[in-house]
Structures are given as structure tokens and as C-alpha cells.
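J.: Could you have a look at this structure, given as C-alpha cells, before my questions?
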Amino acid sequence: MKTPLIGAELTTQKKDFPKVQLTLIELASCCYLIFPLLFFMTFYPLYITIPLDLFILWQLGILIRKTNFNIKPTCSNVIIALFLALLFASLIGIIPGSHIQPTADWMKHDAVLNDLSYCTWPPRFDGMQLRYYLGYYLIPAALSAGVQELNYILLYGWTVIGLTIVFLAIAPYTSTRFFLFILAFIFFSGFDLFGGLLTNWLVGNRVHAGLDWWSNNVGMQYVSIMNLLLWVPQHALPAWILTTLFFNKKTSSIILSNAGLLFSATLLWSIFVPVGAFPYFLLRAVQQRTLFIFKNGLTTIVVGGPVLIYLLTNSAAIPMEMSWSLPNFTVLNYFIFMLVEVGIWIIWLLLVQKSAYYDKSLIILLTIILSLIPFLHIGAGAGNDFVLRASIPSLTILAMFICHVLVMKPNRWPILFVTLSLLVIASISPLMEVKEAISSQNKNEKWQVLLRESPYQITTTDFIGTHAEVQLFASIPFLKDSPSCKRKLDSNTRAQVISTTG
């Protein structure tokens with residue numbers, strides 16, 4: 001059976017087109033990942049910025065020239081995707097004054113966005129530079145021109161654009177099936193309810209509403225798609241976009257030959273996402289015999305090098321260890337974790353009739369990756385940043401496979417019923433996250449004024465003295481000189497920030 005192309009249903013009558021061309025959705029995906037890289041290079045002196053930006057623009061020009069603009073999504077799909085993107089992005093609570101309660105992680109998001117918006121680049125504080133994954137924030141911060149609250153409106157718009165691209169890229173259907181696919185994807189999750197019950201986590205005092213956190217105390221945590229969107233869109237959006245580029249069996253040779261630029265750009269969004277996505281690029285490159293491309297190696301060094309220098313300089317303070325050295329890690333907990341988070345879904349995929357998008361090689365690869373990465377622990381405290389971020393590409397592929405089973409034709413009602421029932425059970429955790437966001441009474445009441453009404457007052461210096469400091473600040477001698485950022489908060493606000501993040 002011939003595999004359909006990933007992306008929305010095509011408006012062109014040519015169903016067979018040479019894969020030496022990109023679709024419009026693929027080009028948009030590449031541009032969304034790469035554009036922030038052009039802004040980031042201004043952190044370096046002009047003699048570095050200008051040649052690197054010209055090098056990036058040259059490769060972007062190649063991508064544009066090799067795009068078939070006739071291969072595009074239907075207008076109805078664009079309207080549906082945009083509507084859903086506006087809806088789900090609003091649940092994050094980005095814009096100040098909304099009735100949505102942002103998650104606690106938005107203290108750091110707000111601080112990074114504010115300092116990028118109001119400080120000279122690169123933001124400098126007493127000899128140290130702001131060091132963080134900046135891909136999500138750079139364009140809204142730059143375009144806001146220091147206008148208070150405009151940066152939040154622009155960040156909301158930037159998030160909507162990213163979600164629209166994701167939805168059009170993952171769902172190659174039209175009409176009702178397109179809408180159903182996106183809903184199933186955004187509420188996809190592991191069976192956290194079962195994990196909480198099996199480990200007696202539900203009987204304790206839970207800080208967070210969502211059930212994704214049941215395994216966090218043992219250093220292993222896979223979270224739902226909705227959890228990623230509400231807590232860490234700076235990691236989720238690039239992971240979803242990059243992963244869709246390698247999902248299709250006939251991945252474009254243009255994508256593979258420009259993977260060096262795509263992975264270098266994604267590093268700026270999230271350093272662990274490219275690690276999790278690289279095996280899927282490797283699989284497609286081996287399948288198409290395009291593994292060794294000189295331009296990819298050159299671009300990774302020339303473009304990815306400055307990004308890695310920025311992110312890794314003086315980063316030795318970030319803790320790294322094997323998970324089995326953690327006090328609460330046990331073999332039983334590991335097997336419970338694997339069964340309820342991914343095992344049930346993988347078993348179901350192997351049992352059901354295969355959809356046109358079934359790809360055994362991808363299923364085997366994601367099973368191996370999701371089984372191995374919980375053993376490496378990187379991050380402060382119980383939270384495992386490596387597992388949380390490196391798992392996103394594999395979980396994205398698993399979610400897409402399940403969504404394809406749900407909407408495949410012809411309908412097999414027993415398969416449809418079981419798949420839908422499993423999705424409903426799994427969606428309990430993301431639905432609880434949504435309830436927490438829209439509820440007027442929640443456990444984040446002490447953050448409401450700061451996060452919902454006055455987020456533009458938060459600065460990165462408010463995290464000095466907390467575990468976040470090792471991620472947010474570094475002395476990086478290679479960056480250009482810039483005046484020290486002098487943004488200050490009143491003492492009461494500063495004390496509130498520190499007390500809620502320490």
C-alpha cells in the first residue's frame with residue numbers, strides 16, 4: 001500500500017510528486033525552527049553575526065527554491081487548525097489579565113521574555129550573561145521593541161503560529177477526521193491514573209493537578225501533550241515540528257540534506273529535543289542512503305557550534321547521574337512506569353489492524369528509546385530534564401500512530417471503540433491540567449497576581465540563589481559586550497518570586 005504524504009490533504013491533483021521538493025507545510029516548519037537562529041547570532045560580534053546569518057539565509061533560500069507552493073493544505077483545514085491553535089494557546093494564559101492561570105514554570109518564561117524585551121542583547125548581569133533556551137522568546141521579544149505587554153501578545157501569536165503548523169503537519173486528513181485527529185493528539189497521554197493507583201501516589205498530598213507527576217519522585221516522568229503545551233511550549237513546539245519532518249516513510253531528501261541546519265536551530269529551542277529526534281533522522285537517512293552529507297557536517301559545526309558554546313559554557317554545575325542511584329528508583333517502579341506510560345499503547349498498536357501510516361521500524365525505535373532514556377538523570381532535584389525533553393519526539397510519534405488508528409478508513413468498530421475508550425481513560429490527566437488552568441480556585445493562588453496580572457515585573461535576577469541559577473546565568477567570554485541590565489523589582493515582589501521558586 002502506498003503511504004500518503006504527511007501534512008494536510010493536498011489541493012493539487014498530483015498525488016505523486018518528486019520528493020526533491022518540499023511542501024508548503026514542510027517549508028513553514030523549517031522556517032519556524034530557523035528564524036530565531038538569525039536573531040540569536042546577534043549575541044556575537046558583527047564579524048561572526050554577519051557571515052553566519054548570510055550562511056543561514058543562503059540555506060533558507062535553497063529550501064524556498066525547492067518548495068512546491070502548489071502542494072498546500074485546504075482552506076478548511078487551515079481555518080480549523082488556526083481556530084484550535086487560538087483555543088489551546090489561550091489555555092496557557094500567556095497574555096496578562098486573562099482569566100487563565102499559567103503554570104508555575106511561567107515565572108521563568110516571563111523572566112526570560114522580559115529581560116530579552118527590555119535589555120540590550122545579550123542580557124548581562126554583573127559579568128554573567130543570560131543563558132537559556134531562547135528559540136521560543138527571541139522573535140516576540142525583538143518585535144515588541146520594549147513596549148510593555150506587547151511582548152506577551154506577540155508570544156501568544158508566535159505560539160498560535162507554531163501550533164497551527166503542528167496541526168497541519170500531523171493530520172493528513174480533511175473535515176471531521178482532521179478535527180478528531182487533532183483533539184486526540186492534544187489530549188494524548190499515558191495511563192497516569194493507573195500509575196498513581198499502583199504506586200499509592202494518589203493517596204498523598206499532590207502539589208499539581210495533573211496525574212503526570214506520579215513518577216516524578218523516582219526520576220522518571222513522561223508527560224501528556226497538554227502538559228507539555230501548558231508548562232514548556234519552548235520545548236514542545238520544536239519537538240513536535242521537528243518530529244513530523246521525519247515521520248513519513250518517504251521523508252523529503254531536502255529535509256535530510258538540510259538536517260544540520262534544522263538540528264542546529266532546534267538546539268536553541270531545547271538542547272535535549274535534538275538528542276531525542278536524532279535517531280529518527282538517522283533511520284530515515286540510512287533508509288534513503290543519505291547519511292553522509294558534507295553540508296550537514298559543516299552546518300552543524302559552523303551554526304550549531306555557536307549555539308552549543310552559548311548553552312554549554314560553564315554548565316558543569318548541572319547535576320548528572322544514573323537513575324538507579326536515586327533512593328526511590330526500583331525495578332518494580334520502572335516496569336510499572338514503562339507499562340502504564342507507553343507499554344499499553346505499544347501493545348495495542350501491535351494488535352490492531354495496521355493503518356496506512358503503520359511503520360514497524362519507527363515503532364521498534366521509539367520502544368527502544370523510551371525504554372532506555374529513563375536510566376539517565378540530568379537536572380536538579382527529582383525532576384529529570386533529560387527524560388522529560390528527550391522523550392518528546394518518541395511520544396509524539398506514538399501519539400500520531402494512535403491517532404491514525406482512531407481515524408483510519410474503513411472503520412473497524414471494535415478497534416475504534418477500544419482505541420477511543422483508551423484515549424478517554426488516558427485523557428483524564430490532561431483534562432485535569434486544563435481544569436487547573438481555568439479554575440478560579442487552585443493551588444497556585446499565591447502566584448496569581450504575579451503570573452496572571454503582572455508577569456512583566458519578573459526578571460531573571462529574581463532566581464539568583466535558587467537551583468534555576470545554574471541554567472539561567474553563565475560567564476560566556478565569546479559573546480559581544482553589552483551594558484549590564486539594570487531592571488529591578490521592589491523588595492516585596494522579589495521576595496515573593498524567590499519564596500515560590502526556591
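In the C-alpha cells, each chain is lettered A, B, ... as it comes, each chain's residues begin at 1, and ligands are numbered from 1 in order of appearance.
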Would you mind listing what lies within 7 Å of A:Tyr132 as a count of residues only, with only C-alpha atoms counted and same-chain residues fewer than 3 positions away left out?
T.: 3
J.: Quick one: everything within 9 Å of A:Trp348, counting only C-alpha atoms, minus sequence neighbours fewer than 4 positions away in the same chain. Send it as a list in words.
T.: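 Residues near the query, excluding close chain neighbours: Gly343, Ile344, Val352, Ile402 and Thr419 of chain A.
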J.: Just the helix (DSSP H, G or I) stuff from stretch 140-323 of chain A, please, per backbone DSSP, written as a PDB file with C-alpha atoms, in the first residue's frame.
T.:
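The resulting out_24.pdb:
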ATOM      1  CA  PRO A 140       8.407  38.199  20.162  1.00  0.00           C
ATOM      2  CA  ALA A 141      10.979  40.000  22.334  1.00  0.00           C
ATOM      3  CA  ALA A 142      12.666  41.630  19.345  1.00  0.00           C
ATOM      4  CA  LEU A 143       9.441  42.720  17.643  1.00  0.00           C
ATOM      5  CA  SER A 144       7.958  44.187  20.828  1.00  0.00           C
ATOM      6  CA  LEU A 150       3.222  43.798  23.654  1.00  0.00           C
ATOM      7  CA  ASN A 151       5.823  41.063  24.020  1.00  0.00           C
ATOM      8  CA  TYR A 152       3.177  38.824  25.628  1.00  0.00           C
ATOM      9  CA  ILE A 153       0.701  39.436  22.824  1.00  0.00           C
ATOM     10  CA  LEU A 154       3.424  38.635  20.293  1.00  0.00           C
ATOM     11  CA  LEU A 155       4.429  35.500  22.213  1.00  0.00           C
ATOM     12  CA  TYR A 156       0.811  34.342  22.129  1.00  0.00           C
ATOM     13  CA  GLY A 157       0.722  34.965  18.372  1.00  0.00           C
ATOM     14  CA  TRP A 158       4.031  33.144  17.912  1.00  0.00           C
ATOM     15  CA  THR A 159       2.619  30.183  19.852  1.00  0.00           C
ATOM     16  CA  VAL A 160      -0.538  30.167  17.709  1.00  0.00           C
ATOM     17  CA  ILE A 161       1.563  30.109  14.524  1.00  0.00           C
ATOM     18  CA  GLY A 162       3.588  27.181  15.850  1.00  0.00           C
ATOM     19  CA  LEU A 163       0.522  25.194  16.876  1.00  0.00           C
ATOM     20  CA  THR A 164      -1.151  25.843  13.526  1.00  0.00           C
ATOM     21  CA  ILE A 165       1.911  24.473  11.740  1.00  0.00           C
ATOM     22  CA  VAL A 166       1.957  21.440  14.033  1.00  0.00           C
ATOM     23  CA  PHE A 167      -1.717  20.651  13.460  1.00  0.00           C
ATOM     24  CA  LEU A 168      -1.421  20.969   9.673  1.00  0.00           C
ATOM     25  CA  ALA A 169       1.715  18.821   9.698  1.00  0.00           C
ATOM     26  CA  ILE A 170       0.442  15.931  11.806  1.00  0.00           C
ATOM     27  CA  SER A 175     -13.101  17.687   7.665  1.00  0.00           C
ATOM     28  CA  THR A 176     -14.239  15.655  10.679  1.00  0.00           C
ATOM     29  CA  ARG A 177     -11.258  13.297  10.669  1.00  0.00           C
ATOM     30  CA  PHE A 178      -8.847  16.255  10.690  1.00  0.00           C
ATOM     31  CA  PHE A 179     -10.631  17.780  13.687  1.00  0.00           C
ATOM     32  CA  LEU A 180     -10.828  14.446  15.544  1.00  0.00           C
ATOM     33  CA  PHE A 181      -7.152  13.699  14.897  1.00  0.00           C
ATOM     34  CA  ILE A 182      -6.037  16.996  16.437  1.00  0.00           C
ATOM     35  CA  LEU A 183      -8.246  16.572  19.509  1.00  0.00           C
ATOM     36  CA  ALA A 184      -6.939  13.044  20.051  1.00  0.00           C
ATOM     37  CA  PHE A 185      -3.363  14.269  19.691  1.00  0.00           C
ATOM     38  CA  ILE A 186      -3.613  17.239  22.052  1.00  0.00           C
ATOM     39  CA  ASP A 192      -1.181   8.077  34.668  1.00  0.00           C
ATOM     40  CA  LEU A 193      -4.267   7.146  36.663  1.00  0.00           C
ATOM     41  CA  PHE A 194      -3.108   3.513  36.713  1.00  0.00           C
ATOM     42  CA  GLY A 195       0.422   4.559  37.683  1.00  0.00           C
ATOM     43  CA  GLY A 196      -0.849   6.687  40.549  1.00  0.00           C
ATOM     44  CA  LEU A 197      -3.017   3.846  41.824  1.00  0.00           C
ATOM     45  CA  LEU A 198      -0.330   1.161  41.530  1.00  0.00           C
ATOM     46  CA  TRP A 201       0.730   8.203  44.772  1.00  0.00           C
ATOM     47  CA  LEU A 202      -2.897   9.290  44.591  1.00  0.00           C
ATOM     48  CA  VAL A 203      -3.385   8.995  48.334  1.00  0.00           C
ATOM     49  CA  LEU A 211      -1.580  12.996  37.182  1.00  0.00           C
ATOM     50  CA  ASP A 212       1.590  13.135  35.043  1.00  0.00           C
ATOM     51  CA  TRP A 213       3.617  13.739  38.187  1.00  0.00           C
ATOM     52  CA  TRP A 214       3.079  10.348  39.809  1.00  0.00           C
ATOM     53  CA  SER A 215       6.516   9.021  38.772  1.00  0.00           C
ATOM     54  CA  ASN A 216       8.477  12.235  39.284  1.00  0.00           C
ATOM     55  CA  ASN A 217       9.722  11.199  42.721  1.00  0.00           C
ATOM     56  CA  VAL A 218      11.753   8.352  41.186  1.00  0.00           C
ATOM     57  CA  ILE A 225       0.839  16.529  25.184  1.00  0.00           C
ATOM     58  CA  MET A 226      -1.329  19.026  27.060  1.00  0.00           C
ATOM     59  CA  ASN A 227       1.109  19.139  29.964  1.00  0.00           C
ATOM     60  CA  LEU A 228       3.930  19.995  27.533  1.00  0.00           C
ATOM     61  CA  LEU A 229       1.877  22.768  25.981  1.00  0.00           C
ATOM     62  CA  LEU A 230       0.883  24.368  29.275  1.00  0.00           C
ATOM     63  CA  TRP A 231       4.215  24.022  31.047  1.00  0.00           C
ATOM     64  CA  PRO A 233       5.922  25.168  24.968  1.00  0.00           C
ATOM     65  CA  GLN A 234       9.537  26.223  24.329  1.00  0.00           C
ATOM     66  CA  HIS A 235      10.427  22.519  24.278  1.00  0.00           C
ATOM     67  CA  ALA A 236       7.178  21.099  22.907  1.00  0.00           C
ATOM     68  CA  LEU A 237       6.703  23.176  19.748  1.00  0.00           C
ATOM     69  CA  PRO A 238      10.139  22.496  18.219  1.00  0.00           C
ATOM     70  CA  ALA A 239       9.934  18.825  19.201  1.00  0.00           C
ATOM     71  CA  TRP A 240       6.550  18.344  17.538  1.00  0.00           C
ATOM     72  CA  ILE A 241       7.616  20.231  14.400  1.00  0.00           C
ATOM     73  CA  LEU A 242      10.997  18.531  14.012  1.00  0.00           C
ATOM     74  CA  THR A 243       9.499  15.084  14.608  1.00  0.00           C
ATOM     75  CA  THR A 244       6.834  15.460  11.909  1.00  0.00           C
ATOM     76  CA  LEU A 245       9.584  16.081   9.351  1.00  0.00           C
ATOM     77  CA  PHE A 246      10.914  12.533   9.895  1.00  0.00           C
ATOM     78  CA  PHE A 247       7.620  10.700  10.494  1.00  0.00           C
ATOM     79  CA  SER A 253      15.627  14.309   0.636  1.00  0.00           C
ATOM     80  CA  ILE A 254      15.727  18.098   1.011  1.00  0.00           C
ATOM     81  CA  ILE A 255      14.904  17.737   4.708  1.00  0.00           C
ATOM     82  CA  LEU A 256      17.591  15.106   5.157  1.00  0.00           C
ATOM     83  CA  SER A 257      20.214  17.159   3.299  1.00  0.00           C
ATOM     84  CA  ALA A 259      19.173  18.361   8.773  1.00  0.00           C
ATOM     85  CA  GLY A 260      22.350  20.001  10.029  1.00  0.00           C
ATOM     86  CA  LEU A 261      20.658  23.407   9.939  1.00  0.00           C
ATOM     87  CA  LEU A 262      17.402  22.076  11.410  1.00  0.00           C
ATOM     88  CA  PHE A 263      19.104  20.363  14.354  1.00  0.00           C
ATOM     89  CA  SER A 264      21.361  23.363  14.979  1.00  0.00           C
ATOM     90  CA  ALA A 265      18.301  25.605  15.061  1.00  0.00           C
ATOM     91  CA  THR A 266      16.395  23.255  17.360  1.00  0.00           C
ATOM     92  CA  LEU A 267      19.285  23.296  19.855  1.00  0.00           C
ATOM     93  CA  LEU A 268      18.431  26.934  20.539  1.00  0.00           C
ATOM     94  CA  TRP A 269      14.873  25.891  21.478  1.00  0.00           C
ATOM     95  CA  VAL A 273      14.987  17.590  21.907  1.00  0.00           C
ATOM     96  CA  PRO A 274      17.558  17.138  19.086  1.00  0.00           C
ATOM     97  CA  VAL A 275      19.061  14.261  21.075  1.00  0.00           C
ATOM     98  CA  GLY A 276      15.665  12.551  21.170  1.00  0.00           C
ATOM     99  CA  ALA A 277      14.926  13.275  17.498  1.00  0.00           C
ATOM    100  CA  PHE A 278      18.337  12.349  16.061  1.00  0.00           C
ATOM    101  CA  PRO A 279      17.709   8.552  15.942  1.00  0.00           C
ATOM    102  CA  TYR A 280      14.704   9.160  13.661  1.00  0.00           C
ATOM    103  CA  PHE A 281      16.780  11.291  11.305  1.00  0.00           C
ATOM    104  CA  LEU A 282      19.424   8.559  11.378  1.00  0.00           C
ATOM    105  CA  LEU A 283      16.832   5.909  10.466  1.00  0.00           C
ATOM    106  CA  ARG A 284      15.477   7.885   7.510  1.00  0.00           C
ATOM    107  CA  ALA A 285      18.969   8.842   6.331  1.00  0.00           C
ATOM    108  CA  VAL A 286      20.085   5.192   6.353  1.00  0.00           C
ATOM    109  CA  GLN A 287      16.903   4.118   4.564  1.00  0.00           C
ATOM    110  CA  PHE A 294      29.178  17.225   3.810  1.00  0.00           C
ATOM    111  CA  LYS A 295      26.880  20.243   4.120  1.00  0.00           C
ATOM    112  CA  ASN A 296      25.194  18.746   7.190  1.00  0.00           C
ATOM    113  CA  GLY A 297      28.503  18.273   8.952  1.00  0.00           C
ATOM    114  CA  LEU A 298      29.735  21.741   8.005  1.00  0.00           C
ATOM    115  CA  THR A 299      26.492  23.418   9.119  1.00  0.00           C
ATOM    116  CA  THR A 300      26.451  21.546  12.419  1.00  0.00           C
ATOM    117  CA  ILE A 301      29.941  22.862  13.205  1.00  0.00           C
ATOM    118  CA  VAL A 302      29.560  26.394  11.837  1.00  0.00           C
ATOM    119  CA  GLY A 304      25.450  24.589  15.805  1.00  0.00           C
ATOM    120  CA  GLY A 305      28.845  25.384  17.327  1.00  0.00           C
ATOM    121  CA  PRO A 306      27.984  28.936  18.473  1.00  0.00           C
ATOM    122  CA  VAL A 307      24.676  27.678  19.908  1.00  0.00           C
ATOM    123  CA  LEU A 308      26.405  24.925  21.887  1.00  0.00           C
ATOM    124  CA  ILE A 309      29.097  27.325  23.110  1.00  0.00           C
ATOM    125  CA  TYR A 310      26.367  29.593  24.407  1.00  0.00           C
ATOM    126  CA  LEU A 311      24.409  26.790  26.103  1.00  0.00           C
ATOM    127  CA  LEU A 312      27.242  24.663  27.491  1.00  0.00           C
ATOM    128  CA  SER A 323      18.677   6.986  37.761  1.00  0.00           C
TER     129      SER A 323
END
J.: Quick one: distance from atom CA of A:Ser371 to atom CA of A:Thr330 in Å, one decimal?
T.: 14.6 Å
J.: Any idea what's packed within 7 Å of A:Ser427, counting only C-alpha atoms, ignoring anything in its chain fewer than 6 positions away? Could you give it as an MDAnalysis selection string?
T.: chainID A and resid 187:189
J.: Any idea what's packed within 8 Å of A:Ser482, counting only C-alpha atoms, ignoring anything in its chain fewer than 3 positions away? Could you give it as an mmCIF file with N, CA and C atoms, in the first residue's frame?
T.:
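out_30.cif written:
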data_model
loop_
_atom_site.group_PDB
_atom_site.id
_atom_site.type_symbol
_atom_site.label_atom_id
_atom_site.label_comp_id
_atom_site.auth_asym_id
_atom_site.auth_seq_id
_atom_site.Cartn_x
_atom_site.Cartn_y
_atom_site.Cartn_z
ATOM 1 N N THR A 120 19.544 45.151 26.582
ATOM 2 C CA THR A 120 20.383 45.032 25.392
ATOM 3 C C THR A 120 20.854 43.587 25.258
ATOM 4 N N TRP A 121 20.899 43.085 24.043
ATOM 5 C CA TRP A 121 21.335 41.697 23.817
ATOM 6 C C TRP A 121 22.851 41.619 23.721
ATOM 7 N N PRO A 122 23.495 40.595 24.250
ATOM 8 C CA PRO A 122 22.910 39.591 25.151
ATOM 9 C C PRO A 122 22.709 40.171 26.548
ATOM 10 N N PRO A 123 21.588 39.887 27.199
ATOM 11 C CA PRO A 123 21.355 40.410 28.542
ATOM 12 C C PRO A 123 22.488 40.020 29.499
ATOM 13 N N ARG A 124 23.037 41.012 30.170
ATOM 14 C CA ARG A 124 24.199 40.796 31.032
ATOM 15 C C ARG A 124 23.880 41.288 32.445
#
J.: Quick check, in Å to one decimal: how far apart do atom CA of A:Ala426 and atom CA of A:Ile363 lie?
T.: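 Taking atom CA of A:Ala426 and atom CA of A:Ile363, their separation equals 19.7 Å.
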